[in-house]
Structure formats: structure tokens, C-alpha cells
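Dropping final_7.cif in here (mmCIF, C-alpha atoms):
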```cif
data_model
#
loop_
_atom_site.label_atom_id
_atom_site.label_comp_id
_atom_site.auth_asym_id
_atom_site.auth_seq_id
_atom_site.Cartn_x
_atom_site.Cartn_y
_atom_site.Cartn_z
CA MET J 1 114.26 -333.50 152.54
CA SER J 2 113.58 -330.88 155.18
CA SER J 3 116.25 -328.20 155.31
CA THR J 4 116.57 -328.63 159.05
CA SER J 5 117.51 -331.68 161.07
CA PRO J 6 114.88 -332.94 163.51
CA GLY J 7 114.98 -330.98 166.76
CA ARG J 8 116.95 -328.12 165.23
CA PRO J 9 115.45 -324.64 164.92
CA ARG J 10 114.25 -323.48 161.52
CA LEU J 11 117.12 -322.02 159.49
CA THR J 12 117.30 -318.44 158.34
CA ARG J 13 117.80 -317.96 154.61
CA ARG J 14 121.47 -317.31 155.22
CA GLY J 15 121.69 -320.39 157.45
CA ALA J 16 120.03 -322.52 154.78
CA GLU J 17 122.53 -321.23 152.22
CA THR J 18 125.48 -322.04 154.46
CA ARG J 19 124.12 -325.49 155.17
CA ALA J 20 123.53 -326.11 151.44
CA ARG J 21 127.08 -324.96 150.66
CA ILE J 22 128.45 -327.48 153.17
CA VAL J 23 126.34 -330.30 151.72
CA ASP J 24 127.26 -329.38 148.11
CA THR J 25 130.95 -329.31 148.98
CA ALA J 26 130.75 -332.64 150.78
CA ALA J 27 128.74 -334.18 147.91
CA GLU J 28 131.32 -333.06 145.35
CA LEU J 29 134.27 -334.37 147.39
CA ILE J 30 132.54 -337.67 148.19
CA PHE J 31 131.49 -338.17 144.56
CA ARG J 32 135.12 -337.80 143.46
CA GLN J 33 136.87 -339.71 146.23
CA GLY J 34 134.34 -341.65 148.33
CA VAL J 35 133.13 -341.24 151.89
CA ALA J 36 136.11 -342.94 153.56
CA SER J 37 138.67 -340.64 151.88
CA THR J 38 136.75 -337.43 152.60
CA THR J 39 137.47 -335.68 155.88
CA ILE J 40 135.37 -333.18 157.77
CA GLU J 41 138.34 -330.77 157.55
CA GLU J 42 138.32 -330.91 153.74
CA VAL J 43 134.60 -330.18 153.67
CA ARG J 44 135.04 -327.33 156.16
CA ASP J 45 137.84 -325.74 154.11
CA GLY J 46 136.10 -326.36 150.78
CA ALA J 47 132.87 -324.77 152.02
CA ARG J 48 134.78 -321.86 153.68
CA VAL J 49 133.13 -322.36 157.07
CA SER J 50 134.50 -322.72 160.59
CA ASN J 51 134.39 -325.90 162.65
CA SER J 52 131.70 -324.42 164.86
CA GLN J 53 129.58 -323.47 161.82
CA LEU J 54 129.89 -326.97 160.40
CA TYR J 55 129.01 -328.63 163.71
CA HIS J 56 126.14 -326.19 164.12
CA TYR J 57 124.46 -327.87 161.14
CA PHE J 58 125.77 -331.44 161.44
CA ASP J 59 126.45 -333.33 164.66
CA ASP J 60 129.02 -335.59 163.05
CA LYS J 61 130.26 -337.02 159.75
CA PRO J 62 127.44 -339.63 159.51
CA ALA J 63 124.87 -336.82 159.77
CA LEU J 64 126.63 -334.96 156.97
CA VAL J 65 126.79 -338.14 154.86
CA ARG J 66 123.05 -338.67 155.32
CA ALA J 67 122.44 -335.13 154.06
CA VAL J 68 124.69 -335.86 151.07
CA ILE J 69 122.70 -339.02 150.25
CA GLU J 70 119.44 -337.04 150.34
CA ARG J 71 120.91 -334.28 148.20
CA GLN J 72 122.26 -336.69 145.57
CA ALA J 73 118.98 -338.61 145.46
CA GLU J 74 116.94 -335.41 145.10
CA ARG J 75 119.15 -334.31 142.22
CA ALA J 76 119.07 -337.68 140.46
CA ILE J 77 115.30 -338.02 140.78
CA GLY J 78 114.81 -334.35 139.88
CA THR J 79 116.84 -334.78 136.69
CA GLN J 80 114.88 -337.88 135.74
CA GLU J 81 111.58 -336.10 136.38
CA ARG J 82 112.39 -333.57 133.67
CA PHE J 83 111.49 -336.40 131.27
CA ASP J 84 108.05 -337.84 130.57
CA LEU J 85 108.41 -341.58 131.14
CA SER J 86 104.81 -342.27 130.13
CA SER J 87 105.63 -342.51 126.43
CA LEU J 88 108.25 -344.32 124.35
CA ASP J 89 109.45 -340.97 122.98
CA GLY J 90 109.93 -339.63 126.51
CA LEU J 91 111.75 -342.80 127.58
CA ARG J 92 114.07 -342.48 124.59
CA GLU J 93 114.79 -338.82 125.36
CA TRP J 94 115.68 -339.79 128.93
CA ARG J 95 117.87 -342.68 127.69
CA ASP J 96 119.72 -340.36 125.29
CA PHE J 97 120.26 -337.75 127.99
CA VAL J 98 121.64 -340.32 130.45
CA VAL J 99 123.96 -341.94 127.90
CA ASP J 100 125.18 -338.58 126.51
CA HIS J 101 125.87 -337.29 130.02
CA ASN J 102 127.76 -340.48 130.82
CA ARG J 103 129.84 -340.12 127.66
CA ASP J 104 130.56 -336.45 128.45
CA THR J 105 131.78 -337.27 131.97
CA GLY J 106 133.67 -340.42 130.97
CA GLY J 107 131.50 -342.41 133.40
CA LEU J 108 133.43 -340.88 136.32
CA GLY J 109 131.99 -341.51 139.74
CA GLY J 110 129.21 -343.80 138.51
CA CYS J 111 125.74 -343.16 139.93
CA PRO J 112 125.99 -340.55 142.73
CA VAL J 113 123.42 -342.52 144.75
CA GLY J 114 124.42 -346.08 143.86
CA SER J 115 128.11 -345.44 144.59
CA LEU J 116 127.20 -344.21 148.07
CA GLY J 117 125.08 -347.30 148.57
CA SER J 118 127.87 -349.62 147.52
CA GLU J 119 130.41 -347.95 149.80
CA LEU J 120 128.15 -347.71 152.86
CA ALA J 121 125.86 -350.78 152.64
CA GLU J 122 127.86 -353.09 154.91
CA ALA J 123 129.67 -350.67 157.21
CA GLU J 124 126.94 -348.11 157.93
CA PRO J 125 123.48 -349.65 158.49
CA GLU J 126 121.83 -346.28 159.07
CA ALA J 127 123.25 -344.80 155.88
CA ARG J 128 122.30 -347.98 153.99
CA ALA J 129 118.67 -347.45 155.07
CA VAL J 130 118.77 -343.84 153.85
CA VAL J 131 120.08 -344.95 150.44
CA ALA J 132 117.48 -347.75 150.30
CA ALA J 133 114.68 -345.24 150.98
CA ALA J 134 116.10 -342.94 148.28
CA PHE J 135 116.00 -345.77 145.74
CA LYS J 136 112.40 -346.54 146.73
CA ARG J 137 111.51 -342.93 145.92
CA TRP J 138 113.41 -343.15 142.63
CA GLU J 139 111.61 -346.38 141.74
CA ALA J 140 108.26 -344.74 142.58
CA SER J 141 109.12 -341.80 140.36
CA ILE J 142 109.92 -344.08 137.39
CA MET J 143 106.84 -346.15 138.15
CA ALA J 144 104.61 -343.05 138.06
CA GLY J 145 105.55 -342.65 134.40
CA LEU J 146 105.02 -346.30 133.49
CA LEU J 147 101.75 -346.51 135.44
CA ARG J 148 100.50 -343.54 133.48
CA MET J 149 101.67 -345.19 130.24
CA HIS J 150 99.70 -348.27 131.28
CA ALA J 151 96.61 -346.29 132.30
CA LEU J 152 96.67 -344.43 128.97
CA GLY J 153 96.55 -347.77 127.19
CA ARG J 154 100.04 -347.32 125.78
CA LEU J 155 101.15 -350.57 127.42
CA VAL J 156 99.32 -353.86 126.95
CA PRO J 157 97.14 -354.79 129.96
CA GLU J 158 99.40 -357.70 131.02
CA ALA J 159 102.47 -355.41 131.34
CA ASP J 160 103.55 -354.89 134.96
CA PRO J 161 104.67 -351.28 135.48
CA ARG J 162 106.13 -352.02 138.93
CA GLN J 163 108.36 -354.84 137.67
CA LEU J 164 109.37 -352.77 134.64
CA SER J 165 110.29 -349.81 136.86
CA LEU J 166 112.48 -351.96 139.08
CA ALA J 167 114.11 -353.55 136.03
CA LEU J 168 114.71 -350.14 134.46
CA LEU J 169 116.36 -348.91 137.66
CA ALA J 170 118.50 -352.07 137.82
CA ALA J 171 119.60 -351.61 134.19
CA LEU J 172 120.41 -347.97 134.91
CA GLU J 173 122.44 -348.74 138.04
CA GLY J 174 124.29 -351.69 136.53
CA GLY J 175 124.93 -349.75 133.34
CA LEU J 176 126.31 -346.76 135.29
CA LEU J 177 128.54 -349.06 137.36
CA LEU J 178 129.95 -350.90 134.33
CA ALA J 179 130.38 -347.61 132.43
CA GLN J 180 132.31 -346.21 135.40
CA ILE J 181 134.57 -349.27 135.62
CA GLN J 182 135.10 -349.61 131.88
CA ARG J 183 135.19 -345.86 131.13
CA ASP J 184 132.78 -346.62 128.31
CA PRO J 185 129.06 -345.71 128.07
CA GLU J 186 128.29 -348.83 126.00
CA PRO J 187 127.08 -351.10 128.84
CA LEU J 188 124.77 -348.31 130.01
CA ALA J 189 123.41 -347.81 126.50
CA ALA J 190 122.95 -351.57 126.03
CA GLY J 191 121.15 -351.98 129.37
CA LEU J 192 118.74 -349.10 128.79
CA ASP J 193 118.19 -350.02 125.12
CA ALA J 194 117.26 -353.57 126.11
CA MET J 195 114.70 -352.27 128.59
CA LEU J 196 113.28 -349.81 126.07
CA THR J 197 113.03 -352.57 123.48
CA LEU J 198 111.13 -354.69 125.99
CA ILE J 199 108.81 -351.80 126.83
CA ALA J 200 108.29 -351.21 123.09
CA THR J 201 107.26 -354.84 122.62
CA LEU J 202 104.78 -354.34 125.49
CA SER J 203 103.54 -351.19 123.86
CA SER J 204 100.00 -351.53 122.59
CA THR J 205 100.50 -349.18 119.66
CA PRO J 206 101.68 -351.26 116.69
CA GLY J 207 104.61 -349.84 114.78
CA THR J 208 106.19 -348.08 117.75
CA SER J 209 108.99 -350.60 118.34
CA LEU J 210 112.44 -349.08 118.74
CA ASP J 211 113.54 -350.18 115.29
CA ASN J 212 110.81 -348.29 113.51
CA MET F 1 145.09 -366.10 136.15
CA SER F 2 148.59 -367.46 136.47
CA SER F 3 149.38 -368.64 139.99
CA THR F 4 152.61 -366.65 139.99
CA SER F 5 153.15 -362.94 139.55
CA PRO F 6 155.21 -361.91 136.54
CA GLY F 7 158.92 -362.23 137.27
CA ARG F 8 158.38 -364.51 140.25
CA PRO F 9 159.63 -368.09 140.28
CA ARG F 10 157.11 -370.88 139.75
CA LEU F 11 155.45 -371.85 143.04
CA THR F 12 155.72 -375.24 144.68
CA ARG F 13 152.42 -376.93 145.47
CA ARG F 14 152.77 -375.84 149.08
CA GLY F 15 153.67 -372.32 148.00
CA ALA F 16 150.62 -372.19 145.75
CA GLU F 17 148.45 -373.34 148.66
CA THR F 18 149.84 -370.67 150.96
CA ARG F 19 149.35 -368.01 148.32
CA ALA F 20 145.77 -369.17 147.70
CA ARG F 21 145.05 -369.11 151.44
CA ILE F 22 146.26 -365.51 151.63
CA VAL F 23 144.11 -364.49 148.63
CA ASP F 24 141.03 -366.33 149.97
CA THR F 25 141.42 -364.66 153.37
CA ALA F 26 141.84 -361.24 151.81
CA ALA F 27 138.88 -361.82 149.48
CA GLU F 28 136.64 -362.80 152.39
CA LEU F 29 137.66 -359.79 154.51
CA ILE F 30 137.37 -357.37 151.60
CA PHE F 31 133.97 -358.76 150.57
CA ARG F 32 132.66 -358.12 154.09
CA GLN F 33 134.27 -354.78 154.86
CA GLY F 34 135.79 -353.28 151.70
CA VAL F 35 139.35 -352.67 150.59
CA ALA F 36 139.89 -349.48 152.60
CA SER F 37 138.91 -351.11 155.92
CA THR F 38 140.99 -354.26 155.39
CA THR F 39 144.59 -354.16 156.62
CA ILE F 40 147.52 -356.31 155.58
CA GLU F 41 147.84 -357.30 159.25
CA GLU F 42 144.30 -358.69 159.34
CA VAL F 43 144.96 -360.72 156.20
CA ARG F 44 148.26 -361.98 157.62
CA ASP F 45 146.65 -363.07 160.90
CA GLY F 46 143.57 -364.52 159.20
CA ALA F 47 145.69 -366.58 156.80
CA ARG F 48 148.07 -367.65 159.61
CA VAL F 49 151.19 -366.51 157.77
CA SER F 50 154.13 -364.31 158.76
CA ASN F 51 154.84 -360.87 157.33
CA SER F 52 157.75 -362.26 155.35
CA GLN F 53 155.57 -365.03 153.88
CA LEU F 54 152.92 -362.54 152.86
CA TYR F 55 155.44 -360.18 151.26
CA HIS F 56 157.07 -363.13 149.55
CA TYR F 57 153.91 -363.52 147.48
CA PHE F 58 152.70 -359.92 147.28
CA ASP F 59 154.86 -356.81 147.04
CA ASP F 60 152.20 -354.58 148.58
CA LYS F 61 148.50 -354.22 149.29
CA PRO F 62 147.64 -353.17 145.70
CA ALA F 63 149.24 -356.40 144.42
CA LEU F 64 147.15 -358.41 146.87
CA VAL F 65 144.01 -356.50 145.86
CA ARG F 66 144.68 -357.27 142.19
CA ALA F 67 144.93 -360.97 143.08
CA VAL F 68 141.62 -360.69 144.98
CA ILE F 69 139.93 -359.10 141.95
CA GLU F 70 141.16 -361.95 139.71
CA ARG F 71 140.03 -364.55 142.23
CA GLN F 72 136.56 -363.06 142.64
CA ALA F 73 136.14 -362.71 138.87
CA GLU F 74 137.25 -366.32 138.27
CA ARG F 75 134.74 -367.53 140.85
CA ALA F 76 131.87 -365.44 139.52
CA ILE F 77 132.51 -366.43 135.91
CA GLY F 78 133.10 -370.06 136.94
CA THR F 79 129.77 -370.17 138.77
CA GLN F 80 127.97 -368.68 135.80
CA GLU F 81 129.63 -371.17 133.41
CA ARG F 82 127.97 -374.05 135.26
CA PHE F 83 124.82 -372.95 133.42
CA ASP F 84 124.05 -373.30 129.75
CA LEU F 85 123.15 -369.80 128.58
CA SER F 86 122.39 -370.98 125.04
CA SER F 87 118.81 -371.92 125.85
CA LEU F 88 115.90 -370.24 127.62
CA ASP F 89 115.76 -373.12 130.09
CA GLY F 90 119.44 -372.69 130.93
CA LEU F 91 119.03 -368.94 131.30
CA ARG F 92 116.10 -369.50 133.67
CA GLU F 93 118.09 -372.00 135.75
CA TRP F 94 120.90 -369.46 136.05
CA ARG F 95 118.41 -366.70 136.96
CA ASP F 96 116.86 -368.90 139.67
CA PHE F 97 120.27 -369.81 141.09
CA VAL F 98 121.39 -366.18 141.24
CA VAL F 99 118.17 -364.94 142.85
CA ASP F 100 118.00 -367.85 145.34
CA HIS F 101 121.62 -367.30 146.34
CA ASN F 102 120.93 -363.60 146.80
CA ARG F 103 117.90 -364.36 148.97
CA ASP F 104 119.92 -366.86 151.05
CA THR F 105 122.70 -364.33 151.71
CA GLY F 106 120.38 -361.36 152.25
CA GLY F 107 122.12 -359.57 149.40
CA LEU F 108 125.14 -358.95 151.64
CA GLY F 109 128.23 -357.64 149.92
CA GLY F 110 126.58 -357.25 146.52
CA CYS F 111 128.53 -358.53 143.53
CA PRO F 112 132.05 -359.52 144.66
CA VAL F 113 133.49 -358.06 141.45
CA GLY F 114 131.20 -355.05 141.01
CA SER F 115 131.68 -353.89 144.62
CA LEU F 116 135.44 -353.91 144.14
CA GLY F 117 134.99 -351.92 140.95
CA SER F 118 132.81 -349.34 142.66
CA GLU F 119 135.23 -348.89 145.55
CA LEU F 120 138.41 -348.73 143.45
CA ALA F 121 137.34 -347.09 140.16
CA GLU F 122 138.31 -343.51 140.99
CA ALA F 123 141.12 -343.96 143.52
CA GLU F 124 143.07 -346.86 141.97
CA PRO F 125 143.43 -346.64 138.18
CA GLU F 126 145.42 -349.87 137.96
CA ALA F 127 142.86 -351.83 139.96
CA ARG F 128 140.06 -350.25 137.91
CA ALA F 129 141.69 -351.62 134.76
CA VAL F 130 141.91 -355.12 136.30
CA VAL F 131 138.19 -355.03 137.21
CA ALA F 132 137.34 -353.69 133.73
CA ALA F 133 139.24 -356.59 132.12
CA ALA F 134 137.45 -359.04 134.42
CA PHE F 135 134.07 -357.70 133.32
CA LYS F 136 135.13 -358.02 129.67
CA ARG F 137 135.84 -361.72 130.30
CA TRP F 138 132.51 -362.09 132.09
CA GLU F 139 130.70 -360.41 129.21
CA ALA F 140 132.49 -362.71 126.74
CA SER F 141 131.44 -365.72 128.76
CA ILE F 142 127.76 -364.68 128.73
CA MET F 143 128.07 -363.80 125.06
CA ALA F 144 129.41 -367.26 124.24
CA GLY F 145 126.08 -368.71 125.39
CA LEU F 146 123.94 -366.19 123.52
CA LEU F 147 126.06 -366.47 120.35
CA ARG F 148 125.53 -370.22 120.45
CA MET F 149 121.79 -369.66 121.01
CA HIS F 150 121.83 -367.41 117.94
CA ALA F 151 123.87 -369.83 115.84
CA LEU F 152 121.51 -372.68 116.75
CA GLY F 153 118.63 -370.62 115.41
CA ARG F 154 117.06 -370.24 118.85
CA LEU F 155 117.23 -366.45 118.53
CA VAL F 156 115.80 -364.56 115.57
CA PRO F 157 118.47 -363.42 113.09
CA GLU F 158 118.08 -359.72 113.98
CA ALA F 159 118.86 -360.36 117.68
CA ASP F 160 122.25 -358.94 118.73
CA PRO F 161 123.95 -361.37 121.16
CA ARG F 162 126.67 -358.85 122.08
CA GLN F 163 124.19 -356.14 123.08
CA LEU F 164 122.04 -358.67 124.93
CA SER F 165 125.09 -359.94 126.86
CA LEU F 166 126.06 -356.44 127.93
CA ALA F 167 122.46 -355.70 128.92
CA LEU F 168 122.22 -358.96 130.89
CA LEU F 169 125.42 -358.12 132.74
CA ALA F 170 124.13 -354.59 133.47
CA ALA F 171 120.83 -356.00 134.80
CA LEU F 172 122.76 -358.47 136.96
CA GLU F 173 125.11 -355.82 138.39
CA GLY F 174 122.39 -353.25 138.99
CA GLY F 175 120.12 -355.90 140.47
CA LEU F 176 122.85 -357.11 142.83
CA LEU F 177 123.62 -353.53 143.90
CA LEU F 178 119.98 -352.65 144.59
CA ALA F 179 119.42 -355.99 146.35
CA GLN F 180 122.44 -355.26 148.56
CA ILE F 181 121.23 -351.77 149.41
CA GLN F 182 117.59 -352.75 149.92
CA ARG F 183 118.30 -356.16 151.50
CA ASP F 184 115.71 -357.54 149.11
CA PRO F 185 116.27 -359.79 146.05
CA GLU F 186 113.30 -358.28 144.20
CA PRO F 187 115.20 -355.70 142.09
CA LEU F 188 117.61 -358.46 141.02
CA ALA F 189 114.73 -360.78 140.10
CA ALA F 190 112.95 -357.96 138.23
CA GLY F 191 116.09 -356.99 136.29
CA LEU F 192 116.92 -360.53 135.21
CA ASP F 193 113.27 -361.41 134.48
CA ALA F 194 112.96 -358.39 132.20
CA MET F 195 116.05 -359.47 130.26
CA LEU F 196 114.82 -363.07 130.01
CA THR F 197 111.43 -361.85 128.81
CA LEU F 198 113.17 -359.80 126.13
CA ILE F 199 115.31 -362.78 125.10
CA ALA F 200 112.16 -364.93 125.01
CA THR F 201 110.49 -362.44 122.65
CA LEU F 202 113.61 -362.68 120.45
CA SER F 203 113.45 -366.43 120.63
CA SER F 204 112.57 -368.01 117.29
CA THR F 205 110.67 -370.91 118.85
CA PRO F 206 107.03 -369.86 119.22
CA GLY F 207 105.42 -370.62 122.55
CA THR F 208 108.60 -370.34 124.59
CA SER F 209 107.88 -366.97 126.13
CA LEU F 210 108.41 -366.80 129.88
CA ASP F 211 104.69 -366.77 130.59
CA ASN F 212 104.04 -370.14 128.98
#
```
Whole structure given in C-alpha cells:
Amino acid sequence: MSSTSPGRPRLTRRGAETRARIVDTAAELIFRQGVASTTIEEVRDGARVSNSQLYHYFDDKPALVRAVIERQAERAIGTQERFDLSSLDGLREWRDFVVDHNRDTGGLGGCPVGSLGSELAEAEPEARAVVAAAFKRWEASIMAGLLRMHALGRLVPEADPRQLSLALLAALEGGLLLAQIQRDPEPLAAGLDAMLTLIATLSSTPGTSLDN
Amino acid sequence: MSSTSPGRPRLTRRGAETRARIVDTAAELIFRQGVASTTIEEVRDGARVSNSQLYHYFDDKPALVRAVIERQAERAIGTQERFDLSSLDGLREWRDFVVDHNRDTGGLGGCPVGSLGSELAEAEPEARAVVAAAFKRWEASIMAGLLRMHALGRLVPEADPRQLSLALLAALEGGLLLAQIQRDPEPLAAGLDAMLTLIATLSSTPGTSLDN
């Protein structure tokens, strides 16, 4: 994401910091209570800015929400990219991190990107498109790992990295949603474990299945 | 679900019909626009009842929302129970039905139960618990099929029907969410196909993998 909106002048460092503080504050509030329950006034007060400062960076609430979607997607994808998804070991490390984090937070808020998508998909077509594009980037990021795994010969030739990436993202999103609703990381663990077991069976190195 | 709230007198047939019409109307409105955007007045007008009729059946909006959750869960589980999940063929028929339905509706609204869970999980603890219980019933219903598959020797002994049921539900929910956001059934198809491929590899009948 560019740090400036289209047509706006480039931000000074201080301007970029103020803008980031506004987006962080809005992201935190929206993650806890949803878009509908979060007011511009709360964000303004939470970020310790004036109305005119806030409207200097964002024309309206939808513009701020779009910036929040981008910020949450960047964070989610950035976190995932700390793991090497081109090997079973890397996939397992990522799975453990995700499940442990979910257990630590009690599943609260679900997926920061998926929750936004669920809330905005029907009411806000423009925001829906921004979330959809974010998930495409996320899928591509997962797929980069699995494509590499495939290219390195760690997956059997008939494995389809694109389908596996989509399925992994679906298991992650569904697992995070169920874990949020049930306040229990088990559905998330089960969803990811099933996908990792499938990937292990498609692994071309014998003896690397999850049970070994 | 009982057709009467606890402590309320048993409904006449006509009373039950009126109550069901109110719940159906509310469910339809909420599915399209969410709980927050749906007012009691809209439900009242849509169901062609008076205020006093509506409040005769439901003390307040949260009570009506709980009835909507139960209704949507009953429908979703009822639809799924038309399929025999104790065989690969039955699982495939269910997968095809779900994906075709998603394609026909353009993914609109996502999962009627999961969307409610996402919207209500943080703001409405009581509603969250009702959605969580609904998903437990849904999981049990899927598990009944896979347990039977296991008992019939169609799954290898080391397969874990409980974990597979949870994973299947996670793939379904995540697939429905991504399909809603992306207006594309592909993530749903990929998520369910991955789970069916895994179940096929755990199938004890050789030559029944999905590719054959």
C-alpha cells in the first residue's frame, strides 16, 4: 500500500506517522468491535488528532476503512511470510504459530481480514473488492511457498500448488472463524492439520508424513 | 428448537405460523444486510404483523436474533443431512450441491450461520454461545456420517472421524467466506476438494481416490 492516497501530496515523515497512528487506532477499534460500531470520533480521540487532521488524511469513514483493510492484510501476509512454506517443517512451524497465537488470544476477533470481509461484503461493494484483492495477495503469498516446494521436487508432480494454496487459506479462514465463535483453537488446529496431512501425502519424500 | 420460548405457553397452530413468519422474515433480512442494519420495524412490516404481535413472541431484538440463529442452523444442518456422508460418493454429491448452490447465488451472504457468528461473536456473548452450540450440532451431524464410514471399514482404522469432521466444517466455512468476499466459488471448491482428497486417501477401498 502506498502511504498516500491517490491525488494527495507525498507525506512528510511526521505526516506519515500521524496517518499510521490513525490507521492503527482505527484497526484496533474495528478489530474489537466491528466497523459499524466504530465512529470517526472514537478514532480521532484514540489517535489524539483533531477532526481537521483526520480529514486531512481520509476523506470519509469508507476511505479510513479501506486503509484499515490494507493495513490488516499487510500485517497478516507479513506475519505469514516469516515462515518458509516450501517445506513440511516450515508449514508445521507456521501452523504451530497460528494455533498458539489463537490459543493465547482466545480466538478473539477472528481473522483481522476475514472479519472485515464478512462484515462489509454485502453492504460495501468497494470495501468488499479491497478485501477480495487482499485475499488474492495472501493466496499468492502462500502459493509462492507451495510452488517452490513443487519446483524443488518436494511435492509429487501431480500436486496442484494453486488448489492447495486456496484450500489452505480456506482452512485457515474457516478455522479462525470457528475458533472465534467457539472460543476454542481446536477447529483451527484440525483444519490446518488436515491440510498439512494432505500436503504430506503429496510430498515426494517418503517418510515425511505428519505422523512420522 | 422448541417452537416456544421457555416460560411461554404452547403456541396454537396459527400462533406457530405467525411466529415462523416473523423468524423467516428476520432471517431473510439479516442474511442480506446483517443484524446491525436490520430493525424490528422492518421485520414487523415484512412479516405483516403488529408491534404487539411481534413482542408477544419475542421480548426484544436479541431474542429474535437467537431464534434466527436456530432457524438458520436447523436449515443448514437439515440440508446437509439430505446427503449420506458415510461414503465418498455421498460426500462428493454434497460437495457438488454446496458448490453449485454457491455458484448459483454468487456467494452472496456467505454461510447463514457463520456470518451471524462473525457479526455477533464479540458484541453479543449470548448470541455467540447460541452460534457456537449450533456449530457443535453441525459438527456432530457431519461426524455421524464419518463415524459410520469408519465403522463400516470404509476409512482406515487410524483415521480420526472427529478431527476430519472439524476440518471439513472449517474448510466449508472458510470456503463460503472467501467465496462471498471474492464472488467466486473456487475457494469453496478447492477447500472441500482438498478435504475429500484427504478422506479418499484415508479410504480403505483401493482405487476410490478422487482422481479415479
Just to confirm, what's the straight-line distance from CA of Gly34 in chain J to CA of Asp104 in chain F in Å (one decimal)?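 Taking CA of Gly34 in chain J as the start and CA of Asp104 in chain F as the end point, the length is 29.2 Å.
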For chain F, the nearest of the candidates J:Glu119, J:Glu28, J:Glu158, J:Glu41, counting all atoms listed in the file: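 The shortest atom-to-atom distance to chain F comes from J:Glu119.
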What residues in chain J have any atom no more than 6 Å from chain F when counting all atoms listed in the file, and can you write them as a compact mmCIF listing (two decimals) with C-alpha atoms, in the coordinates of the input?
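Result written to selection.txt:
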```txt
# COMPACT_ATOMS: atom_id res chain seq x y z
CA GLY J 117 125.08 -347.30 148.57
CA ALA J 121 125.86 -350.78 152.64
CA ALA J 132 117.48 -347.75 150.30
CA GLN J 163 108.36 -354.84 137.67
CA LEU J 166 112.48 -351.96 139.08
CA ALA J 167 114.11 -353.55 136.03
CA ALA J 170 118.50 -352.07 137.82
CA ALA J 171 119.60 -351.61 134.19
CA GLU J 173 122.44 -348.74 138.04
CA GLY J 174 124.29 -351.69 136.53
CA GLY J 175 124.93 -349.75 133.34
CA ILE J 181 134.57 -349.27 135.62
CA GLN J 182 135.10 -349.61 131.88
CA PRO J 187 127.08 -351.10 128.84
CA ALA J 190 122.95 -351.57 126.03
CA GLY J 191 121.15 -351.98 129.37
CA LEU J 198 111.13 -354.69 125.99
```
Between CA of Gly145 in chain F and CA of Leu85 in chain F - distance in Å to one decimal: 4.5 Å
Run the PyMOL selection byres ((chain F and resi 87) around 9) against the file shown and list the residues it catches, as a ChimeraX atom specification. /F:84-86,88-92,145-146,148-149,154
Assuming the chain letters and numbering stay as they are in my file, what does the PyMOL selection byres ((chain F and resi 15-24) around 9) actually select? List them as a list in words.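 This file, filtered by the PyMOL selection byres ((chain F and resi 15-24) around 9), leaves Ser3, Thr4, Arg10, Leu11, Thr12, Arg13, Arg14, Thr25, Ala26, Ala27, Glu28, Leu29, Val43, Arg44, Gly46, Ala47, Arg48, Val49, Gln53, Leu54, Tyr57, Phe58, Leu64, Val65, Ala67, Val68 and Arg71 of chain F.
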Using CA of Val156 in chain F and CA of Ala144 in chain F as the two end points, give the distance in Å to one decimal. 16.4 Å
Write out as JSON, numbers by chain each polymer residue whose atoms come within 10 Å of Arg137 in chain J, counting only C-alpha atoms; drop sequence neighbours fewer than 6 positions from it. {"J": [73, 74, 77, 131, 143]}
Neighbouring residues of Ala159 in chain J were defined as those with any atom within 8 Å, considering only C-alpha atoms; residues of the same chain fewer than 4 positions away were excluded. Please report them as a PyMOL selection string. chain J and resi 150+155+202
Please, what is the axis-aligned box for every listed atom of range 160-166 of chain F with 6 Å on each side, as centre and edge lengths in Å to one decimal, as AutoDock Vina command-line options?
```
--center_x 124.4 --center_y -358.8 --center_z 123.3 --size_x 16.6 --size_y 17.2 --size_z 21.2
```
My list of candidates is F:Ile142, F:Thr39, F:Pro112, F:Leu196. Which is closest to Gln80 in chain F when distances are computed with all atoms listed in the file?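 The shortest atom-to-atom distance to Gln80 in chain F comes from F:Ile142.
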Determine the nearest neighbour of Val98 in chain F from the options F:Ser204, F:Pro185, F:Pro62, F:Ala134, counting all atoms listed in the file.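 Checking each of F:Ser204, F:Pro185, F:Pro62, F:Ala134 against Val98 in chain F, counting all atoms listed in the file, the winner is F:Pro185.
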Between F:Trp138, F:Gly107, F:Leu152, F:Val35, single out the one closest to Thr79 in chain F, counting all atoms listed in the file.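 Among F:Trp138, F:Gly107, F:Leu152, F:Val35, it is F:Trp138 that comes nearest to Thr79 in chain F.
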